[in-house]
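Taking it in order: structure first as structure tokens, then the write-up.
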Amino acid sequence: MNPEKLKQLLALLRRHLFSVICTAVTAAALVTSGLWWLGIQDLRDEHSERSDRNEKMLNLLKTGPVLKTELASVKEFTRRLEANLAAEEELSDNDAYFRNLASSVRLRLADLQQMISPALEEGALYKRIPFTVRVVGSYAQIEAFLHKVETGPRLANLTALSMLRLSPASTDVSLEIGLELIGKK
């Protein structure tokens with residue numbers, strides 16, 4: 001290319017500088033996306049290869065069918081666990097959860113407070129969402145409520161428990177518990 005044509009080309013590029021910059025950015029983005037796509041394809045191929053190898057190994061093992069059944073059970077349990085995690089931001093859902101537990105055993109929910117969650121520990125998979133709950137009812141109702149909290153769909157860790165009779169003549173008991181529900185990060 002001769003110097004005169006090179007000067008004309010540079011002048012043209014300077015005149016249309018915005019178009020030149022956009023073209024360069026587009027070309028760089030296309031090259032980058034192509035490289036990412038190739039990397040993703042490599043990962044998919046590797047995943048497929050390992051899945052096939054795992055499947056063949058399970059088929060060769062005597063206990064392969066049992067392991068497949070156990071794996072399916074673990075996946076189903078994990079799916080149910082994830083579906084029942086509490087969300088700290090969903091105050092109305094958390095409130096409704098405890099109100100439903102109390103009403104199912106005909107207890108009066110006297111007080112419910114959702115506390116601020118502690119900072120997440122390093123490597124923690126789930127968040128701990130603390131609550132204080134106070135209910136009033138008969139001893140049998142209180143027992144049924146505690147059973148529902150412990151065996152309900154949401155995982156709960158009782159941290160404090162206080163129970164007292166409201167008056168010597170009354171059969172009503174007041175239960176105040178501190179608990180943590182396992183929640184989404």
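In the structure tokens, each chain is lettered A, B, ... as it comes, each chain's residues begin at 1, and ligands are numbered from 1 in order of appearance.
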Quiz item: If you run DSSP on this backbone, which residues of chain A come out as strand (DSSP E or B), and could you give them as a count of residues only?
Solution: 40
Exercise. For atom CA of Asp172 of chain A and atom CA of Ala110 of chain A, quote the distance in Å rounded to one decimal.
Key: 12.7 Å
Quiz item: Which of these, A:Leu179, A:Met57, A:Pro153, A:Phe145, has the shortest distance to Ser104 of chain A once you count only C-alpha atoms?
Solution: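 For Ser104 of chain A, the nearest of the candidates is A:Phe145.
The neighbours of Ile129 of chain A here are the residues that come within 6 Å of it, using only C-alpha atoms and leaving out any residue fewer than 2 positions away in the same chain; they are Ser117, Glu180 and Leu181 of chain A.
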Practice problem: Excluding segment 120-122 of chain A and any residue of its chain fewer than 3 positions from it, enumerate the residues within 12 Å of it, using only C-alpha atoms, and give them as a ChimeraX atom specification. | Solution: /A:116-117,125-129,182-185
Store the residues of this selection in a file with C-alpha atoms, as a PDB file, in the first residue's frame.
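Wrote it out as again24.pdb, contents follow:
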ATOM      1  CA  ILE A 116     -32.086 -10.359  62.794  1.00  0.00           C
ATOM      2  CA  SER A 117     -30.086 -13.240  61.376  1.00  0.00           C
ATOM      3  CA  LEU A 125     -24.845 -23.519  52.931  1.00  0.00           C
ATOM      4  CA  TYR A 126     -27.868 -22.109  54.735  1.00  0.00           C
ATOM      5  CA  LYS A 127     -28.812 -19.103  56.834  1.00  0.00           C
ATOM      6  CA  ARG A 128     -30.083 -19.350  60.426  1.00  0.00           C
ATOM      7  CA  ILE A 129     -33.233 -17.240  60.910  1.00  0.00           C
ATOM      8  CA  ILE A 182     -32.964 -22.995  58.354  1.00  0.00           C
ATOM      9  CA  GLY A 183     -33.290 -20.553  55.494  1.00  0.00           C
ATOM     10  CA  LYS A 184     -32.034 -19.556  52.075  1.00  0.00           C
ATOM     11  CA  LYS A 185     -28.800 -17.618  51.842  1.00  0.00           C
TER      12      LYS A 185
END
Quiz item: Near Ala160 of chain A, counting only C-alpha atoms, which residues have an atom at most 8 Å away, once you skip same-chain residues fewer than 4 positions from it, shown as a PyMOL selection string?
Solution: chain A and resi 176-179
Self-check item: DSSP alpha helix (DSSP H) residues within segment 100-168 of chain A, listed as an MDAnalysis selection string
Solution: chainID A and resid 100:104 139:151
Written file, previous selection with N, CA and C atoms, as a short mmCIF file (atom, residue, chain, number, x, y, z; two decimals), in the first residue's frame:
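Below you can see result11.cif, which holds the result:
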data_model
loop_
_atom_site.label_atom_id
_atom_site.label_comp_id
_atom_site.auth_asym_id
_atom_site.auth_seq_id
_atom_site.Cartn_x
_atom_site.Cartn_y
_atom_site.Cartn_z
N ASN A 100 -50.26 -20.98 61.42
CA ASN A 100 -50.89 -22.23 61.01
C ASN A 100 -50.56 -23.36 61.98
N LEU A 101 -49.32 -23.42 62.44
CA LEU A 101 -48.95 -24.44 63.43
C LEU A 101 -49.77 -24.27 64.70
N ALA A 102 -49.89 -23.03 65.17
CA ALA A 102 -50.63 -22.77 66.41
C ALA A 102 -52.12 -23.07 66.24
N SER A 103 -52.68 -22.65 65.12
CA SER A 103 -54.12 -22.87 64.92
C SER A 103 -54.44 -24.35 64.70
N SER A 104 -53.49 -25.12 64.17
CA SER A 104 -53.76 -26.54 63.94
C SER A 104 -53.91 -27.32 65.25
N TYR A 139 -51.57 -27.97 78.42
CA TYR A 139 -50.30 -28.68 78.33
C TYR A 139 -50.28 -29.60 77.10
N ALA A 140 -51.39 -30.26 76.82
CA ALA A 140 -51.47 -31.16 75.66
C ALA A 140 -51.32 -30.38 74.35
N GLN A 141 -51.93 -29.20 74.28
CA GLN A 141 -51.79 -28.36 73.09
C GLN A 141 -50.36 -27.88 72.91
N ILE A 142 -49.72 -27.50 74.02
CA ILE A 142 -48.33 -27.06 73.98
C ILE A 142 -47.43 -28.19 73.47
N GLU A 143 -47.68 -29.39 74.00
CA GLU A 143 -46.90 -30.55 73.58
C GLU A 143 -47.09 -30.82 72.08
N ALA A 144 -48.33 -30.74 71.62
CA ALA A 144 -48.61 -30.95 70.20
C ALA A 144 -47.94 -29.88 69.33
N PHE A 145 -47.94 -28.64 69.82
CA PHE A 145 -47.30 -27.55 69.08
C PHE A 145 -45.79 -27.79 68.96
N LEU A 146 -45.16 -28.15 70.06
CA LEU A 146 -43.72 -28.44 70.02
C LEU A 146 -43.41 -29.59 69.07
N HIS A 147 -44.25 -30.59 69.08
CA HIS A 147 -44.06 -31.73 68.18
C HIS A 147 -44.16 -31.27 66.72
N LYS A 148 -45.13 -30.40 66.42
CA LYS A 148 -45.29 -29.90 65.06
C LYS A 148 -44.10 -29.04 64.63
N VAL A 149 -43.56 -28.24 65.55
CA VAL A 149 -42.39 -27.43 65.23
C VAL A 149 -41.20 -28.33 64.90
N GLU A 150 -41.03 -29.37 65.71
CA GLU A 150 -39.88 -30.25 65.53
C GLU A 150 -40.00 -31.16 64.31
N THR A 151 -41.21 -31.55 63.94
CA THR A 151 -41.39 -32.49 62.83
C THR A 151 -41.99 -31.83 61.60
#
Quiz item: Rounded to one decimal in Å, what is the spacing between atom CA of Val135 of chain A and atom CA of Leu175 of chain A?
Solution: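 About the pair atom CA of Val135 of chain A and atom CA of Leu175 of chain A: they are 5.4 Å apart.
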